[in-house]
$ cat target_26.cif   # mmCIF, C-alpha atoms
data_run
#
loop_
_atom_site.label_atom_id
_atom_site.label_comp_id
_atom_site.auth_asym_id
_atom_site.auth_seq_id
_atom_site.Cartn_x
_atom_site.Cartn_y
_atom_site.Cartn_z
CA MET A 20 -8.57 -2.34 -23.88
CA ASN A 21 -9.71 -2.20 -27.51
CA GLN A 22 -7.98 0.34 -29.72
CA PRO A 23 -8.04 0.60 -33.52
CA LEU A 24 -4.84 -0.91 -34.87
CA ASP A 25 -3.78 2.34 -36.53
CA GLU A 26 -4.16 4.63 -33.49
CA ALA A 27 -1.35 5.63 -31.13
CA LEU A 28 -1.24 3.42 -28.08
CA THR A 29 -2.53 4.70 -24.76
CA PRO A 30 0.33 5.03 -22.27
CA GLY A 31 0.82 2.03 -19.98
CA LEU A 32 2.13 -1.53 -20.01
CA TYR A 33 1.33 -4.01 -22.79
CA ILE A 34 2.07 -7.69 -22.12
CA VAL A 35 2.64 -9.22 -25.55
CA ALA A 36 2.80 -12.95 -26.22
CA THR A 37 5.23 -13.88 -29.00
CA PRO A 38 5.65 -17.08 -31.05
CA ILE A 39 7.25 -20.12 -29.43
CA GLY A 40 8.52 -21.34 -32.78
CA ASN A 41 6.65 -20.48 -35.96
CA LEU A 42 6.77 -16.70 -36.41
CA SER A 43 3.46 -16.83 -38.26
CA ASP A 44 1.80 -17.44 -34.90
CA LEU A 45 2.22 -13.76 -33.96
CA SER A 46 -1.27 -12.29 -33.92
CA PRO A 47 -2.13 -9.15 -35.95
CA ARG A 48 -2.95 -7.36 -32.69
CA ALA A 49 0.41 -8.30 -31.16
CA ALA A 50 2.21 -7.11 -34.29
CA ALA A 51 0.33 -3.80 -34.21
CA VAL A 52 1.19 -3.19 -30.56
CA LEU A 53 4.88 -3.99 -31.08
CA ALA A 54 5.02 -1.70 -34.10
CA ARG A 55 3.58 1.23 -32.12
CA ALA A 56 5.16 0.78 -28.69
CA ASN A 57 7.49 3.54 -27.56
CA VAL A 58 9.88 0.96 -26.17
CA ILE A 59 9.90 -2.84 -25.90
CA ALA A 60 11.26 -4.52 -22.76
CA VAL A 61 12.97 -7.70 -23.97
CA GLU A 62 14.91 -10.70 -22.70
CA ASP A 63 17.33 -10.68 -25.64
CA SER A 64 17.28 -7.85 -28.19
CA ARG A 65 18.73 -10.13 -30.88
CA VAL A 66 15.75 -12.50 -30.62
CA THR A 67 13.16 -9.72 -30.59
CA ALA A 68 14.91 -7.93 -33.46
CA LYS A 69 14.28 -10.96 -35.69
CA LEU A 70 10.58 -10.83 -34.81
CA LEU A 71 10.37 -7.09 -35.50
CA ASN A 72 12.13 -7.62 -38.81
CA ARG A 73 9.50 -10.22 -39.68
CA ILE A 74 6.72 -7.64 -39.26
CA GLY A 75 8.72 -4.92 -40.98
CA THR A 76 9.38 -2.53 -38.13
CA LYS A 77 12.12 -1.28 -35.84
CA ARG A 78 11.44 -0.11 -32.30
CA PRO A 79 13.63 0.92 -29.37
CA MET A 80 14.36 -2.00 -27.06
CA THR A 81 15.64 -2.23 -23.49
CA PRO A 82 16.82 -5.40 -21.72
CA TYR A 83 14.55 -6.68 -18.93
CA HIS A 84 15.48 -10.06 -17.45
CA ASP A 85 16.39 -11.86 -14.23
CA HIS A 86 19.76 -10.18 -13.91
CA ASN A 87 18.72 -6.54 -14.28
CA ALA A 88 14.98 -6.41 -13.53
CA ASP A 89 15.28 -4.69 -10.14
CA GLN A 90 17.47 -1.94 -11.60
CA VAL A 91 15.47 -1.40 -14.80
CA ARG A 92 11.94 -1.66 -13.43
CA PRO A 93 11.66 1.78 -11.75
CA GLY A 94 12.61 3.54 -14.98
CA LEU A 95 10.07 1.58 -16.99
CA ILE A 96 7.35 2.35 -14.44
CA ALA A 97 8.14 6.06 -14.65
CA ARG A 98 7.94 6.00 -18.45
CA MET A 99 4.51 4.34 -18.43
CA GLY A 100 2.93 7.62 -17.36
CA SER A 101 3.48 9.04 -20.84
CA GLU A 102 4.61 6.15 -23.03
CA ALA A 103 3.42 2.72 -24.17
CA ILE A 104 5.81 0.07 -22.88
CA ALA A 105 5.55 -3.42 -24.39
CA LEU A 106 6.87 -6.43 -22.47
CA VAL A 107 7.91 -9.57 -24.37
CA SER A 108 9.86 -12.73 -23.60
CA ASP A 109 12.06 -14.51 -26.12
CA ALA A 110 9.21 -16.90 -26.82
CA GLY A 111 5.69 -17.37 -25.53
CA THR A 112 3.71 -15.48 -22.93
CA PRO A 113 5.59 -13.10 -20.61
CA LEU A 114 5.39 -13.74 -16.84
CA ILE A 115 5.50 -17.54 -17.34
CA SER A 116 8.81 -18.47 -15.66
CA ASP A 117 10.21 -14.93 -15.86
CA PRO A 118 10.27 -11.82 -13.59
CA GLY A 119 7.51 -9.96 -15.41
CA PHE A 120 4.94 -10.22 -12.62
CA LYS A 121 6.83 -7.63 -10.58
CA LEU A 122 6.59 -5.16 -13.45
CA VAL A 123 2.82 -5.73 -13.65
CA ARG A 124 2.45 -5.40 -9.87
CA ASP A 125 4.38 -2.13 -9.74
CA ALA A 126 2.63 -0.74 -12.82
CA ARG A 127 -0.76 -1.33 -11.18
CA ALA A 128 0.44 0.16 -7.90
CA ALA A 129 1.51 3.30 -9.80
CA GLY A 130 -1.94 3.58 -11.39
CA HIS A 131 -0.88 2.71 -14.93
CA THR A 132 -3.04 0.81 -17.40
CA VAL A 133 -2.00 -2.82 -17.93
CA THR A 134 -3.17 -4.62 -21.08
CA THR A 135 -2.51 -8.20 -22.14
CA ILE A 136 -2.25 -9.33 -25.75
CA PRO A 137 -2.64 -13.12 -25.37
CA GLY A 138 -1.07 -15.70 -27.60
CA PRO A 139 1.29 -18.71 -27.59
CA CYS A 140 2.34 -20.44 -24.36
CA ALA A 141 4.49 -23.58 -24.46
CA ALA A 142 2.94 -25.05 -21.30
CA ILE A 143 -0.61 -24.84 -22.63
CA ALA A 144 0.36 -25.92 -26.15
CA ALA A 145 2.11 -29.01 -24.77
CA LEU A 146 -0.89 -29.82 -22.59
CA THR A 147 -3.12 -29.88 -25.66
CA LEU A 148 -0.74 -32.31 -27.40
CA ALA A 149 -0.26 -34.75 -24.53
CA GLY A 150 -3.64 -36.47 -24.44
CA LEU A 151 -3.71 -36.32 -20.63
CA PRO A 152 -6.48 -34.86 -18.42
CA THR A 153 -6.85 -31.10 -18.83
CA ASP A 154 -9.62 -30.31 -16.33
CA ARG A 155 -7.05 -29.58 -13.61
CA PHE A 156 -3.38 -28.85 -14.21
CA PHE A 157 -0.48 -27.47 -12.21
CA PHE A 158 2.40 -25.60 -13.87
CA LEU A 159 5.70 -25.87 -11.97
CA GLY A 160 8.25 -24.39 -14.36
CA PHE A 161 11.78 -25.80 -14.12
CA LEU A 162 12.65 -28.35 -11.46
CA PRO A 163 15.75 -27.63 -9.33
CA SER A 164 19.01 -28.71 -10.93
CA LYS A 165 20.47 -30.49 -7.89
CA GLU A 166 19.30 -34.07 -7.38
CA LYS A 167 18.15 -33.79 -3.74
CA ALA A 168 16.39 -30.47 -4.26
CA ARG A 169 14.68 -31.91 -7.33
CA ALA A 170 13.50 -34.97 -5.41
CA ASP A 171 12.26 -32.79 -2.53
CA ALA A 172 10.31 -30.56 -4.91
CA ILE A 173 8.66 -33.60 -6.52
CA ALA A 174 7.76 -35.06 -3.11
CA GLU A 175 5.92 -31.85 -2.26
CA ILE A 176 3.51 -32.25 -5.18
CA ALA A 177 3.18 -36.04 -5.29
CA ALA A 178 -0.35 -35.98 -3.87
CA VAL A 179 -1.65 -33.18 -6.10
CA ARG A 180 -4.60 -34.56 -8.06
CA ALA A 181 -3.89 -32.73 -11.30
CA THR A 182 -1.85 -33.06 -14.47
CA LEU A 183 1.62 -31.60 -13.87
CA ILE A 184 3.54 -29.42 -16.33
CA PHE A 185 7.30 -28.84 -16.21
CA TYR A 186 9.83 -27.08 -18.42
CA GLU A 187 13.14 -28.87 -18.96
CA SER A 188 16.35 -28.80 -20.99
CA GLY A 189 17.64 -31.63 -23.15
CA PRO A 190 20.72 -32.54 -21.08
CA ARG A 191 18.65 -32.83 -17.88
CA LEU A 192 15.61 -34.52 -19.39
CA ALA A 193 16.37 -38.19 -18.65
CA ALA A 194 17.45 -37.46 -15.05
CA SER A 195 14.30 -35.44 -14.41
CA LEU A 196 12.08 -38.15 -15.87
CA THR A 197 13.77 -40.76 -13.69
CA THR A 198 13.36 -38.65 -10.55
CA LEU A 199 9.72 -37.99 -11.44
CA ALA A 200 9.12 -41.75 -11.81
CA ASP A 201 10.79 -42.41 -8.47
CA GLY A 202 8.83 -39.70 -6.67
CA LEU A 203 5.43 -39.95 -8.36
CA GLY A 204 5.21 -43.56 -9.46
CA ASP A 205 5.34 -44.68 -13.07
CA ARG A 206 2.57 -42.41 -14.34
CA GLU A 207 1.51 -41.75 -17.91
CA ALA A 208 3.43 -38.79 -19.30
CA ALA A 209 4.45 -36.94 -22.44
CA VAL A 210 7.52 -35.07 -23.66
CA ALA A 211 6.74 -32.26 -26.11
CA ARG A 212 9.43 -30.29 -27.89
CA GLU A 213 10.00 -27.93 -30.78
CA ILE A 214 6.32 -26.95 -30.60
CA SER A 215 5.09 -25.23 -33.78
CA LYS A 216 8.49 -25.75 -35.43
CA THR A 217 9.40 -28.04 -38.32
CA PHE A 218 10.41 -30.96 -36.10
CA GLU A 219 7.62 -30.69 -33.52
CA GLU A 220 7.04 -33.92 -31.65
CA CYS A 221 5.13 -35.18 -28.64
CA VAL A 222 6.22 -38.59 -27.35
CA THR A 223 3.96 -40.37 -24.86
CA GLY A 224 4.50 -43.29 -22.50
CA THR A 225 5.17 -43.95 -18.84
CA LEU A 226 7.77 -41.87 -17.03
CA SER A 227 10.18 -44.84 -16.92
CA GLU A 228 9.71 -45.55 -20.63
CA LEU A 229 10.41 -41.94 -21.50
CA ALA A 230 13.45 -41.83 -19.20
CA GLU A 231 14.86 -44.89 -20.96
CA ARG A 232 14.14 -43.39 -24.39
CA TYR A 233 16.10 -40.23 -23.69
CA LYS A 234 18.82 -41.72 -21.45
CA ASP A 235 21.45 -41.87 -24.19
CA ALA A 236 19.86 -39.45 -26.64
CA PRO A 237 19.09 -36.10 -25.04
CA PRO A 238 16.94 -34.08 -27.46
CA LYS A 239 17.51 -30.53 -28.58
CA GLY A 240 15.10 -27.64 -28.38
CA GLU A 241 12.63 -26.30 -25.83
CA ILE A 242 11.06 -29.17 -23.86
CA VAL A 243 7.86 -29.53 -21.84
CA ILE A 244 7.14 -32.57 -19.64
CA ILE A 245 3.49 -33.37 -18.97
CA VAL A 246 2.71 -35.89 -16.20
CA GLY A 247 -0.72 -37.37 -15.66
CA PRO A 248 -2.47 -37.16 -12.28
CA PRO A 249 -2.22 -39.97 -9.71
CA GLY A 250 -4.72 -42.78 -9.77
CA GLU A 251 -7.57 -42.91 -7.33
CA ALA A 252 -6.22 -43.04 -3.79
CA PRO A 253 -7.27 -46.14 -1.83
CA VAL A 254 -9.82 -45.51 0.91
CA PRO A 255 -8.02 -45.79 4.26
CA ASP A 256 -9.31 -48.51 6.59
CA SER A 257 -11.01 -47.68 9.88
CA ALA A 258 -7.92 -48.41 11.98
CA ASP A 259 -5.85 -45.94 9.93
CA ILE A 260 -8.59 -43.32 10.21
CA ASP A 261 -8.78 -43.73 13.98
CA ALA A 262 -5.01 -43.48 14.27
CA ALA A 263 -4.98 -40.30 12.19
CA LEU A 264 -7.76 -38.74 14.29
CA ILE A 265 -6.07 -39.65 17.58
CA ASP A 266 -2.80 -38.17 16.38
CA ALA A 267 -4.49 -34.99 15.17
CA MET A 268 -6.37 -34.57 18.46
CA THR A 269 -3.10 -34.52 20.36
CA ARG A 270 -2.31 -31.27 18.55
CA LEU A 271 -5.68 -29.73 17.70
CA PRO A 272 -9.20 -29.26 19.03
CA THR A 273 -11.57 -32.03 17.96
CA ALA A 274 -13.27 -30.08 15.17
CA LYS A 275 -9.98 -28.94 13.66
CA ALA A 276 -8.54 -32.44 13.98
CA ALA A 277 -11.50 -33.80 12.00
CA GLY A 278 -10.96 -31.11 9.38
CA GLU A 279 -7.27 -31.97 9.02
CA VAL A 280 -8.01 -35.65 8.50
CA ALA A 281 -10.84 -34.84 6.10
CA LYS A 282 -8.45 -32.79 3.99
CA ALA A 283 -5.86 -35.57 3.99
CA THR A 284 -8.25 -38.41 3.17
CA GLY A 285 -11.08 -36.80 1.23
CA LEU A 286 -13.61 -38.31 3.64
CA PRO A 287 -16.61 -36.28 4.85
CA ARG A 288 -15.69 -33.94 7.69
CA ARG A 289 -19.02 -34.52 9.45
CA ASP A 290 -18.44 -38.28 9.65
CA LEU A 291 -14.89 -37.79 10.88
CA TYR A 292 -16.00 -35.31 13.52
CA ALA A 293 -18.55 -37.80 14.84
CA ARG A 294 -15.87 -40.51 14.97
CA ALA A 295 -13.43 -38.14 16.68
CA MET A 296 -16.04 -37.32 19.34
CA ALA A 297 -16.57 -41.02 19.97
CA LEU A 298 -12.84 -41.62 20.29
CA ARG A 299 -12.42 -38.65 22.62
CA ASP A 300 -15.22 -39.81 24.93
CA ALA A 301 -14.26 -43.49 24.88
#
$ encode --input "target_26.cif" --output "structure tokens"
Amino acid sequence: MNQPLDEALTPGLYIVATPIGNLSDLSPRAAAVLARANVIAVEDSRVTAKLLNRIGTKRPMTPYHDHNADQVRPGLIARMGSEAIALVSDAGTPLISDPGFKLVRDARAAGHTVTTIPGPCAAIAALTLAGLPTDRFFFLGFLPSKEKARADAIAEIAAVRATLIFYESGPRLAASLTTLADGLGDREAAVAREISKTFEECVTGTLSELAERYKDAPPKGEIVIIVGPPGEAPVPDSADIDAALIDAMTRLPTAKAAGEVAKATGLPRRDLYARAMALRDA
């Protein structure tokens, strides 16, 4: 939706990205929307108040976060029929690792206009700094805090052929890097922190090197871990392929068994189906 910056906002929901560090990164459009919103849904009113002070305005704010979202959301949806509601997070793009998607879903279901004002996002900013492949990437937010749950979560995505992006805190950084190395292999990685701030840094190396670097010196600030994709998987030999097909055919029809093995190995489904037929008829 394009509106002149000096006109009253059309009622509805406005998703507004805010700076992740340097307040100068707030776009003119984002500033104009915040200055004209009837109310701003915020994570922490103290944080957003500093941003509003920077652009020289004061607006009504209401808390909207993990702990109160279910209670607050119906009231915000009702207000969207006649008011412009802006949604912000403390830093970056709303809905990235926060409960905002439910507000968008319910606003659409109620027939309200939803507009996004794009801007900073720590995950994407860190990806641009890391020097790792960007053609495919997978954002996973924060890993679980407990060691076993963290290891299980990493095991689930070990085969994903994409660059992986995680958020992390300083005190947990070294442990997470170590668990990532154990579960993914010693891949190339990067640790980015304090993005757009005075002490911005992006340190690269293998996961084990980075774990050692931060073992006794946990850093401060917001942290993003970027992990490169796995290397090329070795082509399975014919005996392994046959074993996989035979196992799959004990559970599935021949065509579906070939499809399952094709998905797991990356080999052509047609060739696997022909081999499965030969094994079945042998």
$ resolve_selection --input "target_26.cif" --expression "the PyMOL selection byres ((chain A and resi 121-136) around 8)" --output "PyMOL selection string"
chain A and resi 20+30-36+48-49+92+96+99-100+118-120+137-138
$ axis_aligned_box --input "target_26.cif" --around "region 147-162 of chain A" --padding-each-side "5 Å" --output "JSON"
{"center_x": 1.5, "center_y": -30.4, "center_z": -19.4, "size_x": 32.3, "size_y": 22.1, "size_z": 25.9}
$ residues_around --input "target_26.cif" --residues "Asp154 (chain A)" --least-positions-apart "2" --cutoff "10 Å" --atoms "all atoms listed in the file" --output "number ranges by chain"
A: 151-152, 156, 181-182
$ closest_residue --input "target_26.cif" --among "A:Gly150, A:Gly247, A:Gly160, A:Pro82" --to "Ser116 (chain A)" --atoms "all atoms listed in the file"
A:Gly160
$ residues_near_point --input "target_26.cif" --point "(-17.8, -39.8, 12.6)" --cutoff "12 Å" --atoms "all atoms listed in the file" --output "ChimeraX atom specification"
/A:257,260-261,264,273-274,276-278,280-281,286-299
$ resolve_selection --input "target_26.cif" --expression "the PyMOL selection byres ((chain A and resi 38) around 10)" --output "ChimeraX atom specification"
/A:36-37,39-46,70,108-112,138-141,214-215
$ residues_around --input "target_26.cif" --residues "Pro249 (chain A)" --least-positions-apart "3" --cutoff "12 Å" --atoms "only C-alpha atoms" --output "list in words"
Leu151, Pro152, Ile176, Ala177, Ala178, Val179, Arg180, Ala181, Thr182, Leu183, Ala200, Gly202, Leu203, Gly204, Asp205, Arg206, Glu207, Ala208, Val246, Ala252 and Pro253 of chain A
$ closest_residue --input "target_26.cif" --among "A:Ala50, A:Ala174, A:Leu199, A:Val61" --to "Pro113 (chain A)" --atoms "all atoms listed in the file"
A:Val61
$ atom_distance --input "target_26.cif" --atom1 "CA of Arg155 (chain A)" --atom2 "CA of Ile244 (chain A)"
15.7 Å
$ atom_distance --input "target_26.cif" --atom1 "CA of Lys239 (chain A)" --atom2 "CA of Leu71 (chain A)"
25.5 Å
$ resolve_selection --input "target_26.cif" --expression "the PyMOL selection byres ((chain A and resi 29) around 9)" --output "ChimeraX atom specification"
/A:22,26-28,30-31,101-103,132
$ write_last_selection --input "target_26.cif" --atoms "C-alpha atoms" --output "short mmCIF file (atom, residue, chain, number, x, y, z; two decimals), in the coordinates of the input"
data_model
loop_
_atom_site.label_atom_id
_atom_site.label_comp_id
_atom_site.auth_asym_id
_atom_site.auth_seq_id
_atom_site.Cartn_x
_atom_site.Cartn_y
_atom_site.Cartn_z
CA GLN A 22 -7.98 0.34 -29.72
CA GLU A 26 -4.16 4.63 -33.49
CA ALA A 27 -1.35 5.63 -31.13
CA LEU A 28 -1.24 3.42 -28.08
CA PRO A 30 0.33 5.03 -22.27
CA GLY A 31 0.82 2.03 -19.98
CA SER A 101 3.48 9.04 -20.84
CA GLU A 102 4.61 6.15 -23.03
CA ALA A 103 3.42 2.72 -24.17
CA THR A 132 -3.04 0.81 -17.40
#
$ closest_residue --input "target_26.cif" --among "A:Ala262, A:Ala144, A:Ala54, A:Val91" --to "Ala105 (chain A)" --atoms "all atoms listed in the file"
A:Ala54
$ atom_distance --input "target_26.cif" --atom1 "CA of Ala60 (chain A)" --atom2 "CA of Pro79 (chain A)"
8.9 Å
$ decode --input "target_26.cif" --residues "region 72-83 of chain A" --atoms "all heavy atoms" --output "JSON list (two decimals), in the first residue's frame"
[["chain", "number", "residue", "atom", "x", "y", "z"],
["A", 72, "ASN", "N", 11.54, 8.79, 20.35],
["A", 72, "ASN", "CA", 12.21, 10.04, 20.72],
["A", 72, "ASN", "C", 13.20, 10.46, 19.65],
["A", 72, "ASN", "O", 13.34, 11.67, 19.35],
["A", 72, "ASN", "CB", 12.92, 9.86, 22.06],
["A", 72, "ASN", "CG", 13.57, 11.13, 22.55],
["A", 72, "ASN", "OD1", 12.90, 12.13, 22.79],
["A", 72, "ASN", "ND2", 14.89, 11.11, 22.69],
["A", 73, "ARG", "N", 13.86, 9.48, 19.04],
["A", 73, "ARG", "CA", 14.82, 9.76, 17.98],
["A", 73, "ARG", "C", 14.16, 10.45, 16.78],
["A", 73, "ARG", "O", 14.75, 11.33, 16.14],
["A", 73, "ARG", "CB", 15.50, 8.46, 17.54],
["A", 73, "ARG", "CG", 16.37, 8.55, 16.29],
["A", 73, "ARG", "CD", 17.58, 9.46, 16.50],
["A", 73, "ARG", "NE", 18.40, 9.56, 15.32],
["A", 73, "ARG", "CZ", 19.59, 8.98, 15.16],
["A", 73, "ARG", "NH1", 20.10, 8.26, 16.16],
["A", 73, "ARG", "NH2", 20.27, 9.12, 14.07],
["A", 74, "ILE", "N", 12.92, 10.05, 16.47],
["A", 74, "ILE", "CA", 12.23, 10.67, 15.32],
["A", 74, "ILE", "C", 11.32, 11.82, 15.75],
["A", 74, "ILE", "O", 10.57, 12.36, 14.94],
["A", 74, "ILE", "CB", 11.44, 9.61, 14.52],
["A", 74, "ILE", "CG1", 10.35, 8.96, 15.38],
["A", 74, "ILE", "CG2", 12.38, 8.56, 13.96],
["A", 74, "ILE", "CD1", 9.47, 7.98, 14.60],
["A", 75, "GLY", "N", 11.37, 12.16, 17.04],
["A", 75, "GLY", "CA", 10.66, 13.34, 17.51],
["A", 75, "GLY", "C", 9.17, 13.19, 17.62],
["A", 75, "GLY", "O", 8.42, 14.12, 17.29],
["A", 76, "THR", "N", 8.70, 12.04, 18.08],
["A", 76, "THR", "CA", 7.26, 11.84, 18.22],
["A", 76, "THR", "C", 6.96, 11.02, 19.46],
["A", 76, "THR", "O", 7.84, 10.34, 20.00],
["A", 76, "THR", "CB", 6.68, 11.15, 16.97],
["A", 76, "THR", "OG1", 5.25, 11.18, 17.02],
["A", 76, "THR", "CG2", 7.14, 9.70, 16.89],
["A", 77, "LYS", "N", 5.73, 11.09, 19.90],
["A", 77, "LYS", "CA", 5.22, 10.24, 20.97],
["A", 77, "LYS", "C", 3.91, 9.62, 20.49],
["A", 77, "LYS", "O", 3.06, 10.33, 19.95],
["A", 77, "LYS", "CB", 4.98, 11.04, 22.25],
["A", 77, "LYS", "CG", 6.23, 11.56, 22.93],
["A", 77, "LYS", "CD", 5.89, 12.26, 24.24],
["A", 77, "LYS", "CE", 7.15, 12.74, 24.95],
["A", 77, "LYS", "NZ", 6.83, 13.42, 26.23],
["A", 78, "ARG", "N", 3.77, 8.33, 20.69],
["A", 78, "ARG", "CA", 2.55, 7.64, 20.28],
["A", 78, "ARG", "C", 2.14, 6.68, 21.39],
["A", 78, "ARG", "O", 2.97, 6.18, 22.16],
["A", 78, "ARG", "CB", 2.77, 6.84, 18.98],
["A", 78, "ARG", "CG", 3.25, 7.62, 17.79],
["A", 78, "ARG", "CD", 2.37, 8.81, 17.46],
["A", 78, "ARG", "NE", 0.99, 8.44, 17.17],
["A", 78, "ARG", "CZ", -0.04, 9.27, 17.32],
["A", 78, "ARG", "NH1", 0.15, 10.48, 17.80],
["A", 78, "ARG", "NH2", -1.26, 8.87, 17.02],
["A", 79, "PRO", "N", 0.83, 6.39, 21.49],
["A", 79, "PRO", "CA", 0.39, 5.39, 22.45],
["A", 79, "PRO", "C", 1.00, 4.03, 22.13],
["A", 79, "PRO", "O", 1.13, 3.66, 20.96],
["A", 79, "PRO", "CB", -1.13, 5.36, 22.25],
["A", 79, "PRO", "CG", -1.47, 6.66, 21.60],
["A", 79, "PRO", "CD", -0.29, 7.01, 20.75],
["A", 80, "MET", "N", 1.39, 3.31, 23.15],
["A", 80, "MET", "CA", 1.98, 1.99, 22.97],
["A", 80, "MET", "C", 1.24, 0.97, 23.84],
["A", 80, "MET", "O", 0.72, 1.32, 24.91],
["A", 80, "MET", "CB", 3.46, 2.00, 23.36],
["A", 80, "MET", "CG", 4.34, 2.79, 22.42],
["A", 80, "MET", "SD", 6.10, 2.76, 22.92],
["A", 80, "MET", "CE", 6.10, 4.01, 24.22],
["A", 81, "THR", "N", 1.20, -0.27, 23.37],
["A", 81, "THR", "CA", 0.62, -1.35, 24.16],
["A", 81, "THR", "C", 1.54, -2.57, 24.07],
["A", 81, "THR", "O", 2.05, -2.89, 22.99],
["A", 81, "THR", "CB", -0.79, -1.72, 23.68],
["A", 81, "THR", "OG1", -1.38, -2.66, 24.58],
["A", 81, "THR", "CG2", -0.80, -2.29, 22.27],
["A", 82, "PRO", "N", 1.81, -3.25, 25.18],
["A", 82, "PRO", "CA", 2.70, -4.42, 25.13],
["A", 82, "PRO", "C", 2.08, -5.56, 24.31],
["A", 82, "PRO", "O", 0.89, -5.85, 24.44],
["A", 82, "PRO", "CB", 2.84, -4.82, 26.60],
["A", 82, "PRO", "CG", 2.44, -3.61, 27.38],
["A", 82, "PRO", "CD", 1.40, -2.93, 26.56],
["A", 83, "TYR", "N", 2.91, -6.18, 23.48],
["A", 83, "TYR", "CA", 2.49, -7.38, 22.74],
["A", 83, "TYR", "C", 3.71, -8.27, 22.63],
["A", 83, "TYR", "O", 4.66, -7.98, 21.88],
["A", 83, "TYR", "CB", 1.96, -7.01, 21.36],
["A", 83, "TYR", "CG", 1.41, -8.20, 20.60],
["A", 83, "TYR", "CD1", 0.14, -8.69, 20.88],
["A", 83, "TYR", "CD2", 2.16, -8.84, 19.63],
["A", 83, "TYR", "CE1", -0.37, -9.80, 20.21],
["A", 83, "TYR", "CE2", 1.66, -9.95, 18.95],
["A", 83, "TYR", "CZ", 0.40, -10.43, 19.25],
["A", 83, "TYR", "OH", -0.09, -11.53, 18.58]]
